[in-house]
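**Q** This is query_0.txt, which holds compact mmCIF, C-alpha atoms:
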```
# COMPACT_ATOMS: atom_id res chain seq x y z
CA MET J 1 -202.04 66.77 22.70
CA SER J 2 -203.81 70.06 23.44
CA SER J 3 -201.97 73.39 23.57
CA ASP J 4 -202.58 73.49 27.34
CA ALA J 5 -201.03 70.03 27.73
CA ASN J 6 -198.11 71.09 25.54
CA ALA J 7 -197.49 74.02 27.90
CA HIS J 8 -197.14 71.59 30.80
CA ASN J 9 -195.18 68.94 28.89
CA PRO J 10 -193.25 70.82 26.19
CA HIS J 11 -190.83 68.02 25.36
CA TRP J 12 -193.62 65.52 24.64
CA GLY J 13 -193.57 64.27 21.06
CA GLN J 14 -190.09 65.57 20.24
CA PRO J 15 -187.95 63.30 18.05
CA VAL J 16 -185.50 60.74 19.41
CA LEU J 17 -182.52 60.18 17.13
CA ALA J 18 -180.99 56.71 16.95
CA ALA J 19 -177.58 55.45 15.90
CA GLY J 20 -175.47 52.33 16.28
CA GLU J 21 -177.00 48.89 16.70
CA PRO J 22 -180.77 48.51 16.35
CA LEU J 23 -182.38 48.09 19.77
CA ALA J 24 -183.77 44.71 18.76
CA THR J 25 -180.26 43.28 18.50
CA ALA J 26 -178.30 45.56 20.85
CA ALA J 27 -176.42 44.19 23.84
CA ALA J 28 -176.45 47.58 25.58
CA ALA J 29 -177.73 51.12 25.07
CA ALA J 30 -176.84 54.71 25.83
CA VAL J 31 -179.22 57.64 26.32
CA LEU J 32 -177.36 60.75 25.13
CA LEU J 33 -178.60 64.15 26.33
CA HIS J 34 -177.50 67.31 24.54
CA GLY J 35 -176.64 70.67 26.06
CA ARG J 36 -178.50 73.98 26.03
CA GLY J 37 -179.06 75.41 22.59
CA ALA J 38 -177.76 72.33 20.80
CA PRO J 39 -179.50 69.74 18.62
CA ALA J 40 -179.56 66.04 19.45
CA GLU J 41 -177.11 65.51 16.57
CA SER J 42 -174.45 67.31 18.60
CA ILE J 43 -174.32 64.68 21.33
CA LEU J 44 -174.37 61.87 18.79
CA SER J 45 -171.11 63.33 17.45
CA LEU J 46 -169.39 61.78 20.49
CA ILE J 47 -170.00 58.26 19.19
CA PRO J 48 -166.77 58.00 17.14
CA ASP J 49 -164.80 58.78 20.33
CA ILE J 50 -166.66 56.61 22.86
CA GLY J 51 -168.68 54.17 20.77
CA GLN J 52 -168.61 50.40 21.10
CA PRO J 53 -169.97 47.60 18.91
CA GLY J 54 -173.28 46.23 20.15
CA PHE J 55 -174.55 49.59 21.50
CA ALA J 56 -177.74 51.34 20.52
CA TYR J 57 -177.54 55.12 20.98
CA LEU J 58 -180.67 57.17 21.51
CA ALA J 59 -180.64 60.96 21.71
CA PRO J 60 -183.91 62.73 22.55
CA GLN J 61 -184.36 66.28 21.30
CA ALA J 62 -185.42 69.05 23.68
CA GLU J 63 -188.18 71.34 22.47
CA GLY J 64 -186.49 74.58 21.48
CA HIS J 65 -183.09 72.90 22.02
CA THR J 66 -183.33 73.69 25.75
CA TRP J 67 -184.29 71.24 28.49
CA TYR J 68 -185.12 73.93 31.09
CA PRO J 69 -184.94 77.73 30.96
CA HIS J 70 -182.63 78.86 33.75
CA SER J 71 -179.36 77.85 35.39
CA PHE J 72 -179.39 74.44 37.07
CA LEU J 73 -178.37 76.27 40.26
CA ARG J 74 -181.68 78.15 40.47
CA PRO J 75 -184.56 76.88 42.65
CA VAL J 76 -186.16 73.88 40.97
CA ALA J 77 -189.56 75.57 40.78
CA GLN J 78 -188.11 78.26 38.50
CA ASN J 79 -187.23 75.61 35.91
CA GLU J 80 -190.69 74.04 35.88
CA PRO J 81 -192.61 72.70 34.06
CA ARG J 82 -189.81 72.13 31.54
CA LEU J 83 -187.60 70.24 34.01
CA SER J 84 -190.31 67.73 34.85
CA SER J 85 -191.06 67.37 31.15
CA ALA J 86 -187.35 66.75 30.46
CA LEU J 87 -187.20 64.08 33.16
CA ALA J 88 -190.30 62.48 31.64
CA ALA J 89 -188.58 62.46 28.23
CA VAL J 90 -185.65 60.53 29.70
CA GLU J 91 -188.09 58.13 31.37
CA ALA J 92 -189.86 57.53 28.05
CA VAL J 93 -186.60 56.68 26.25
CA LEU J 94 -185.58 54.31 29.04
CA ALA J 95 -188.98 52.61 28.95
CA HIS J 96 -188.60 52.16 25.19
CA ILE J 97 -185.16 50.62 25.65
CA GLU J 98 -186.34 48.25 28.38
CA ALA J 99 -189.39 47.23 26.35
CA ALA J 100 -186.96 46.15 23.62
CA GLY J 101 -185.25 43.82 26.08
CA VAL J 102 -182.25 45.89 27.21
CA SER J 103 -182.30 46.18 31.00
CA ALA J 104 -181.30 49.33 32.93
CA GLU J 105 -178.16 47.50 34.08
CA LYS J 106 -177.03 47.68 30.45
CA VAL J 107 -177.92 51.34 29.89
CA ILE J 108 -175.61 54.35 30.15
CA LEU J 109 -177.15 57.76 30.88
CA LEU J 110 -174.81 60.40 29.45
CA GLY J 111 -175.07 64.13 28.98
CA PHE J 112 -173.08 67.28 28.42
CA SER J 113 -173.71 70.54 30.29
CA GLN J 114 -177.50 70.93 30.68
CA GLY J 115 -177.84 67.35 29.46
CA ALA J 116 -175.33 66.22 32.11
CA CYS J 117 -177.39 67.88 34.83
CA LEU J 118 -180.49 66.14 33.49
CA ALA J 119 -178.81 62.72 33.37
CA LEU J 120 -177.52 63.03 36.94
CA GLU J 121 -180.82 64.37 38.27
CA TYR J 122 -182.79 61.60 36.61
CA ALA J 123 -180.54 58.90 38.06
CA ALA J 124 -180.66 60.41 41.56
CA ARG J 125 -184.45 60.70 41.51
CA ASN J 126 -184.85 57.19 40.09
CA ALA J 127 -182.17 55.30 41.96
CA ARG J 128 -181.43 51.74 40.83
CA ARG J 129 -178.57 49.94 39.15
CA TYR J 130 -177.69 51.45 35.77
CA GLY J 131 -174.95 50.44 33.41
CA GLY J 132 -173.43 53.83 34.12
CA VAL J 133 -174.09 57.54 34.45
CA VAL J 134 -171.88 60.20 32.87
CA GLY J 135 -171.94 63.93 33.54
CA PHE J 136 -169.66 65.96 31.30
CA SER J 137 -169.67 69.45 32.90
CA GLY J 138 -172.75 69.15 35.07
CA GLY J 139 -174.15 68.52 38.53
CA LEU J 140 -177.35 67.77 40.40
CA ILE J 141 -180.08 70.36 39.96
CA GLY J 142 -181.37 72.99 42.39
CA ALA J 143 -180.35 75.96 44.52
CA THR J 144 -180.15 73.42 47.31
CA LEU J 145 -180.23 69.69 46.68
CA ARG J 146 -183.32 67.67 47.46
CA PRO J 147 -183.19 64.70 49.91
CA TYR J 148 -182.70 61.91 47.35
CA SER J 149 -183.51 58.36 48.44
CA GLY J 150 -182.83 54.85 47.25
CA SER J 151 -179.68 53.04 46.17
CA LEU J 152 -177.71 53.27 42.94
CA GLU J 153 -176.33 49.80 43.73
CA HIS J 154 -172.70 50.42 42.71
CA THR J 155 -173.62 52.08 39.41
CA PRO J 156 -170.42 53.47 37.85
CA VAL J 157 -170.67 57.27 37.69
CA PHE J 158 -168.20 59.60 35.98
CA LEU J 159 -168.18 63.35 36.65
CA GLY J 160 -165.73 65.45 34.66
CA SER J 161 -165.59 69.24 34.58
CA GLY J 162 -163.29 72.17 34.07
CA ASP J 163 -162.06 74.08 37.10
CA PRO J 164 -163.07 76.82 36.79
CA ASP J 165 -166.08 76.39 34.53
CA ALA J 166 -168.15 79.51 33.89
CA HIS J 167 -171.40 77.54 34.01
CA VAL J 168 -170.70 74.70 36.48
CA PRO J 169 -169.02 75.46 39.82
CA ALA J 170 -166.50 72.83 40.91
CA SER J 171 -168.18 72.91 44.32
CA ARG J 172 -171.45 71.62 42.83
CA VAL J 173 -169.62 68.85 40.96
CA SER J 174 -168.00 67.80 44.24
CA GLU J 175 -171.29 68.06 46.14
CA SER J 176 -172.97 65.92 43.49
CA ALA J 177 -170.20 63.33 43.75
CA GLU J 178 -170.70 63.16 47.51
CA VAL J 179 -174.48 62.72 47.20
CA LEU J 180 -174.20 59.99 44.57
CA THR J 181 -171.52 58.20 46.60
CA ARG J 182 -173.82 58.20 49.63
CA MET J 183 -176.49 56.69 47.38
CA GLY J 184 -174.21 53.75 46.66
CA ALA J 185 -172.72 54.76 43.30
CA ALA J 186 -169.10 54.06 42.40
CA VAL J 187 -168.13 57.64 41.57
CA THR J 188 -165.11 58.88 39.66
CA LYS J 189 -164.74 62.68 39.79
CA ARG J 190 -162.15 64.62 37.83
CA LEU J 191 -161.74 68.38 37.86
CA TYR J 192 -159.45 69.62 35.10
CA PRO J 193 -157.67 72.96 35.66
CA GLY J 194 -158.06 75.50 32.91
CA ILE J 195 -160.06 73.57 30.30
CA GLY J 196 -163.27 75.59 30.50
CA HIS J 197 -166.67 74.26 29.46
CA THR J 198 -165.75 71.43 27.12
CA ILE J 199 -164.93 67.72 26.91
CA ILE J 200 -161.34 66.51 26.73
CA GLN J 201 -159.69 63.28 25.64
CA ASP J 202 -159.16 61.91 29.14
CA GLU J 203 -162.91 62.09 29.74
CA LEU J 204 -163.67 60.42 26.43
CA ASP J 205 -161.18 57.62 27.13
CA THR J 206 -162.67 57.03 30.58
CA VAL J 207 -166.21 56.84 29.26
CA LYS J 208 -165.20 54.64 26.34
CA ALA J 209 -163.90 52.12 28.89
CA MET J 210 -167.21 52.33 30.78
CA LEU J 211 -169.12 51.46 27.63
CA ALA J 212 -166.71 48.66 26.72
CA ALA J 213 -167.24 47.06 30.13
CA LEU J 214 -170.94 46.56 29.34
CA VAL J 215 -170.35 44.56 26.15
CA LYS J 216 -167.39 42.38 27.15
```
Let me see the structure of the file written as structure tokens.
**A**
Amino acid sequence: MSSDANAHNPHWGQPVLAAGEPLATAAAAAVLLHGRGAPAESILSLIPDIGQPGFAYLAPQAEGHTWYPHSFLRPVAQNEPRLSSALAAVEAVLAHIEAAGVSAEKVILLGFSQGACLALEYAARNARRYGGVVGFSGGLIGATLRPYSGSLEHTPVFLGSGDPDAHVPASRVSESAEVLTRMGAAVTKRLYPGIGHTIIQDELDTVKAMLAALVK
């Protein structure tokens, strides 16, 4: 890819880490999206807490460890072209999973912080039935939310966040829950007083049950 193309698609060609069951024999899969400034290995560290037998886990790496440059609450144009490149990276991982024979109905999209925003935004822009969508400390992207269309067809969605969270306003988590509910998702939203910008055991237990439901 040329340097000019790299400028417009910076996440192209970045590694995708894999763990768990090989895709060829997996019953289900999870796309795990790391937060700002973190490596893909960081999100894979959740596997001991949420993992299930039969799952393939794929974690794409953002170029420069950052999916997009500014707050997710800024106008979308200010986070381009990296945001579109990040969404394309998620699309490429999903296409790889589906080509291996695991349908979207058996795929969990999961992210923390910036990765949570990316997972939620991808699902809202590409509405269909997924195995599940998880946003740990995140919300839909933009200063104002775009008019999303399509149906999530009862996709289970979990949104968990601290209240307050220095990076993610509770109001945006609630607004995101309302949008995804209108799109037909089965949304569980939990705001946890005083925990800050982190993931707690209740969230991990909830998501572990979501994964287990796909491989019963």
**Q** May I have a table of the residues of range 95-192 of chain J lying at most 6 Å from range 32-52 of chain J, giving each one's closest pair of atoms and their distance in Å to one decimal, counting only C-alpha atoms, ordered by chain and ascending residue number, as CSV?
**A**
```
residue,atom,partner,partner_atom,distance
J:Leu110,CA,J:Leu32,CA,5.0
J:Gly111,CA,J:Leu33,CA,4.4
J:Phe112,CA,J:Gly35,CA,5.5
J:Ser113,CA,J:Gly35,CA,5.1
J:Gln114,CA,J:Gly35,CA,4.7
J:Gly115,CA,J:Leu33,CA,4.5
```
**Q** Pick from J:Ala127, J:Ile141, J:Ala177, J:Val93: nearest to Glu153 in chain J, with all atoms listed in the file counted?
**A**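 Answer, going by the shortest atom-to-atom distance: J:Ala127.
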**Q** Please enclose the listed atoms of range 111-126 of chain J in an axis-aligned box, pad each side by 6 Å, and write out the centre and the three edge lengths in Å, rounded to one decimal, as lines of an AutoDock Vina configuration file.
**A**
```
center_x = -179.0
center_y = 64.1
center_z = 35.0
size_x = 23.8
size_y = 25.7
size_z = 25.1
```
**Q** Could you give me, as a Markdown table, every range 88-144 of chain J residue with an atom at most 10 Å from range 7-29 of chain J, plus its closest atom pair and distance in Å to one decimal, counting only C-alpha atoms, rows ordered by chain then number?
**A**
```
| residue | atom | partner | partner_atom | distance |
| --- | --- | --- | --- | --- |
| J:Ala88 | CA | J:Trp12 | CA | 8.3 |
| J:Ala89 | CA | J:His11 | CA | 6.6 |
| J:Ala92 | CA | J:Trp12 | CA | 9.5 |
| J:Val93 | CA | J:Val16 | CA | 8.0 |
| J:Leu94 | CA | J:Ala29 | CA | 9.4 |
| J:His96 | CA | J:Leu23 | CA | 9.2 |
| J:Ile97 | CA | J:Leu23 | CA | 7.0 |
| J:Glu98 | CA | J:Leu23 | CA | 9.5 |
| J:Ala99 | CA | J:Leu23 | CA | 9.7 |
| J:Ala100 | CA | J:Ala24 | CA | 6.0 |
| J:Gly101 | CA | J:Ala24 | CA | 7.5 |
| J:Val102 | CA | J:Ala28 | CA | 6.3 |
| J:Ser103 | CA | J:Ala28 | CA | 8.1 |
| J:Ala104 | CA | J:Ala29 | CA | 8.8 |
| J:Glu105 | CA | J:Ala28 | CA | 8.7 |
| J:Lys106 | CA | J:Ala28 | CA | 4.9 |
| J:Val107 | CA | J:Ala29 | CA | 4.8 |
| J:Ile108 | CA | J:Ala29 | CA | 6.4 |
| J:Leu109 | CA | J:Ala29 | CA | 8.8 |
| J:Gly131 | CA | J:Ala28 | CA | 8.5 |
```
**Q** Counting only C-alpha atoms, note down every residue that has an atom within 6 Å of the point (-176.8, 56.1, 22.4) (file coordinates), as a list in words.
**A** Ala29, Ala30, Val31, Leu32, Ala56, Tyr57 and Leu58 of chain J
**Q** Glu91 in chain J: which residues within 10 Å, counting all atoms listed in the file, same-chain residues fewer than 6 positions away excluded, as a list in words?
**A**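 Here the answer would be Ser85, Ile97, Tyr122 and Asn126 of chain J.
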**Q** Mind pulling up the distance from CA of Tyr192 in chain J to CA of Lys216 in chain J?
**A**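 About the pair CA of Lys216 in chain J and CA of Tyr192 in chain J: they are 29.5 Å apart.
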**Q** In terms of the shortest atom-to-atom distance over all atoms listed in the file, which of J:Glu121, J:His197, J:Phe136, J:Ala213 is closest to Val179 in chain J?
**A**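 So, comparing all the options, the nearest one is J:Glu121.
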**Q** Using only C-alpha atoms, find the one residue out of J:Val187, J:Ala62, J:Val134, J:Leu87 that sits nearest to Ile199 in chain J.
**A** J:Val134
**Q** Which is closest to Gln61 in chain J among J:Leu191, J:Ala124, J:Ala209, J:Val90, if we use only C-alpha atoms?
**A**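 Selected residue with least distance to Gln61 in chain J: J:Val90.
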**Q** For Thr155 in chain J, which of J:Ala186, J:Ala86, J:Leu180, J:Val173 is the closest residue, counting all atoms listed in the file?
**A**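 Using all atoms listed in the file, the shortest distance to Thr155 in chain J belongs to J:Ala186.
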**Q** Between J:Pro53, J:Ser161, J:Arg182, J:Ala212, which is the closest to Ile195 in chain J once you count all atoms listed in the file?
**A**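 So, comparing all the options, the nearest one is J:Ser161.
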**Q** Could you please determine the separation between CA of Ser71 in chain J and CA of Val168 in chain J in Å, to one decimal place?
**A**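 About the pair CA of Ser71 in chain J and CA of Val168 in chain J: they are 9.3 Å apart.
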**Q** Can you tell me which residues surround Pro193 in chain J at a distance of at most 8 Å, considering all atoms listed in the file, apart from same-chain residues fewer than 5 positions away, and format the answer as an mmCIF file with C-alpha atoms, in the frame of the given file?
**A**
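So the final result, stored in result.cif, reads:
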```
data_model
loop_
_atom_site.group_PDB
_atom_site.id
_atom_site.type_symbol
_atom_site.label_atom_id
_atom_site.label_comp_id
_atom_site.auth_asym_id
_atom_site.auth_seq_id
_atom_site.Cartn_x
_atom_site.Cartn_y
_atom_site.Cartn_z
ATOM 1 C CA GLY J 162 -163.290 72.170 34.070
ATOM 2 C CA ASP J 163 -162.060 74.080 37.100
ATOM 3 C CA PRO J 164 -163.070 76.820 36.790
#
```
**Q** State, in Å with one decimal place, the distance from CA of Lys189 in chain J to CA of Leu159 in chain J.
**A**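 These two atoms are separated by 4.7 Å.
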**Q** Is there a way to get, as a list in words, all residues within 9 Å of the point (-184.7, 56.0, 46.4) in file coordinates, counting all atoms listed in the file?
**A**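 All residues meeting the 9 Å criterion around (-184.7, 56.0, 46.4) are Ala124, Arg125, Asn126, Ala127, Arg128, Tyr148, Ser149, Gly150, Ser151, Leu152 and Met183 of chain J.
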